[in-house]
Amino acid sequence: MISVQEFLLRTRVEHQSLEAWIHAGWLIPPQTEPELSFSDVDLARAQLIRDLRDDLGVNDEGISVILHLIDQVHGLRRSMEALLNELRGNREDGD
Amino acid sequence: MSDDPYAILGVKREATQDEIRSAYRALAKKLHPDLNPGDKKAEEKFKEVSVAYDLLGDPEKRARFDRGEIDASGAERPRERYYRDFHTAGAQDHPYSTAGGFADFMENEDILSEILGRGEGRARFRIRGQDVHYRLPVEFLEAVNGATKRITMPDGATLDVVIPPGTNDHQILRLREKGGLGIGGAPPGDALVEIEVGPHKLFTRKDDDIHIELPISLPEAVLGGKLDVPTLAGSVRMTVPKGANTGRVLRLKGKGVPRRDGTRGDEYVTLKVVLPDRLDPEIEEFARRWQAGQQHNPRRGLEA
């Protein structure tokens with residue numbers, strides 16, 4: 001688990017932004033009590049959001065859309081992979 | 001591949017900071033690893049572009065580079081892990097995982113939903129539980145008439161097995177979803193209970209029919225009469241014809257084993273003439289005097 005202080009340091013994000021991102025639902029910290037803490041996934045996602053905002057010039061509305069689409073792409077990639085593995089496994093069984 | 005940061009970003013040496021910035025943005029939009037989850041090369045290219053922009057995006061560093069004070073191999077900012085790295089095979093589900101991109105494929109209970117089905121934060125695959133096999137000895141009449149038996153499973157739980165009337169020896173009863181637990185929210189396997197039917201001291205069974213051997217006395221065999229015969233449903237009065245011999249088979253219709261369609265098999269009664277344990281002089285005397293009996297040869301046609 002990553003504390004808020006460490007999280008801000010490692011992502012190079014301002015506290016205010018972090019709060020706004022959580023409020024927007026872009027980040028879903030796994031723990032809020034007794035104190036806010038984050039996982040490695042949250043960290044990587046925050047860095048992505050930061051890249052989108054700072055480096056790619058995407059505005060807030062754009063970030064929401066992009067995150068949503070990226071998450072769907074990942075879901076599709078994983079299911080595609082699962083399907084392919086299943087197919088490969090079946091083919092090996094048949095040999 | 002060029003080491004020249006200007007070439008990497010595709011800008012002229014006299015480009016303005018704004019031009020450099022928009023050149024970088026245009027490249028980053030194409031190359032950012034999280035926007036190219038399936039492209040391994042994107043990360044390498046993106047790294048190059050990032051290093052170049054690190055240098056040229058900062059007017060102070062750019063001026064020093066232009067003056068030759070620092071070279072292009074500026075320290076690259078180590079990136080921990082990209083968001084895409086948390087979505088690889090075998091990665092755990094997290095709150096951002098979604099099946100939204102393919103939920104419409106999974107509406108039916110088919111192979112796809114078995115492969116793709118995912119619970120919240122649970123195993124990626126849904127695997128139906130294993131079938132579990134049991135043997136259950138039951139008494140002859142329990143199998144014929146139906147019964148409910150309780151078996152204790154290895155985990156200590158009990159399972160009531162309803163044995164339908166007319167159950168056969170070695171018949172396997174399938175109890176849906178009473179087997180091993182499924183994985184990832186998949187249903188449990190089935191319990192397969194093999195029934196072992198014990199013997200009965202009077203009845204034997206062939207399919208749906210009951211067979212019984214009925215001892216009868218000599219006078220009953222000679223004269224015939226109404227006799228009580230045991231059946232599955234208690235005694236039944238049966239007419240034995242005159243002169244009924246050992247081996248004669250009589251049928252009691254509908255006195256056999258219940259079938260699924262509500263009908264029943266038959267009971268076959270095989271007669272067996274039994275002499276008294278001790279013969280009295282009267283019958284010996286009769287046998288000696290009985291002329292027709294002396295001439296009767298039951299072994300005719302038995303010569304080899």
# chains A, B, ... in the order shown; residues from 1 in each chain; ligands from 1
$ closest_atom_pairs --of "chain A" --to "chain B" --cutoff "6 Å" --atoms "only C-alpha atoms" --output "Markdown table"
| residue | atom | partner | partner_atom | distance |
| --- | --- | --- | --- | --- |
| A:Ala44 | CA | B:Tyr83 | CA | 4.6 |
| A:Arg45 | CA | B:Tyr83 | CA | 5.2 |
| A:Leu56 | CA | B:Arg25 | CA | 5.0 |
| A:Gln72 | CA | B:Gly101 | CA | 5.0 |
| A:Gly75 | CA | B:Ala99 | CA | 5.6 |
| A:Leu76 | CA | B:Gly101 | CA | 5.9 |
| A:Ser79 | CA | B:Leu116 | CA | 5.7 |
$ write_last_selection --atoms "C-alpha atoms" --output "short mmCIF file (atom, residue, chain, number, x, y, z; two decimals), in the first residue's frame"
data_model
loop_
_atom_site.label_atom_id
_atom_site.label_comp_id
_atom_site.auth_asym_id
_atom_site.auth_seq_id
_atom_site.Cartn_x
_atom_site.Cartn_y
_atom_site.Cartn_z
CA ALA A 44 0.43 3.61 -12.89
CA ARG A 45 -3.03 4.90 -13.72
CA LEU A 56 -0.67 15.08 -24.51
CA GLN A 72 -12.34 -1.67 -22.35
CA GLY A 75 -10.73 -6.16 -21.00
CA LEU A 76 -10.95 -7.17 -24.65
CA SER A 79 -10.52 -12.06 -23.06
#
$ residues_around --residues "Leu223 (chain B)" --least-positions-apart "2" --cutoff "8 Å" --atoms "only C-alpha atoms" --output "list of chain:residue names"
B:Pro219, B:Glu220, B:Ala221, B:Gly225, B:Pro241, B:Lys242, B:Gly243
$ write_last_selection --atoms "N, CA and C atoms" --output "PDB file, in the first residue's frame"
ATOM      1  N   PRO B 219     -50.532 -82.793  -2.774  1.00  0.00           N
ATOM      2  CA  PRO B 219     -51.979 -82.633  -3.045  1.00  0.00           C
ATOM      3  C   PRO B 219     -52.293 -81.351  -3.798  1.00  0.00           C
ATOM      4  N   GLU B 220     -51.586 -80.236  -3.488  1.00  0.00           N
ATOM      5  CA  GLU B 220     -51.820 -78.969  -4.197  1.00  0.00           C
ATOM      6  C   GLU B 220     -51.445 -79.116  -5.670  1.00  0.00           C
ATOM      7  N   ALA B 221     -50.352 -79.848  -5.917  1.00  0.00           N
ATOM      8  CA  ALA B 221     -49.926 -80.046  -7.299  1.00  0.00           C
ATOM      9  C   ALA B 221     -50.939 -80.902  -8.055  1.00  0.00           C
ATOM     10  N   GLY B 225     -55.596 -75.494  -6.685  1.00  0.00           N
ATOM     11  CA  GLY B 225     -56.216 -74.777  -5.580  1.00  0.00           C
ATOM     12  C   GLY B 225     -55.805 -73.314  -5.577  1.00  0.00           C
ATOM     13  N   PRO B 241     -53.517 -74.390 -11.159  1.00  0.00           N
ATOM     14  CA  PRO B 241     -54.370 -75.356 -11.854  1.00  0.00           C
ATOM     15  C   PRO B 241     -54.081 -76.785 -11.402  1.00  0.00           C
ATOM     16  N   LYS B 242     -55.023 -77.620 -11.659  1.00  0.00           N
ATOM     17  CA  LYS B 242     -54.853 -79.053 -11.393  1.00  0.00           C
ATOM     18  C   LYS B 242     -53.625 -79.569 -12.115  1.00  0.00           C
ATOM     19  N   GLY B 243     -52.888 -80.449 -11.456  1.00  0.00           N
ATOM     20  CA  GLY B 243     -51.759 -81.091 -12.133  1.00  0.00           C
ATOM     21  C   GLY B 243     -50.602 -80.156 -12.395  1.00  0.00           C
TER      22      GLY B 243
END
$ closest_residue --among "A:Gln31, A:Ser17, A:Asn85, A:Ser37" --to "Arg53 (chain A)" --atoms "only C-alpha atoms"
A:Ser17
$ residues_around --residues "region 276-281 of chain B" --least-positions-apart "5" --cutoff "9 Å" --atoms "only C-alpha atoms" --output "PyMOL selection string"
chain B and resi 217-218+286
$ select_by_dssp --residues "chain A" --states "helix (DSSP H, G or I)" --output "PyMOL selection string"
chain A and resi 4-11+15-24+40-55+60-94
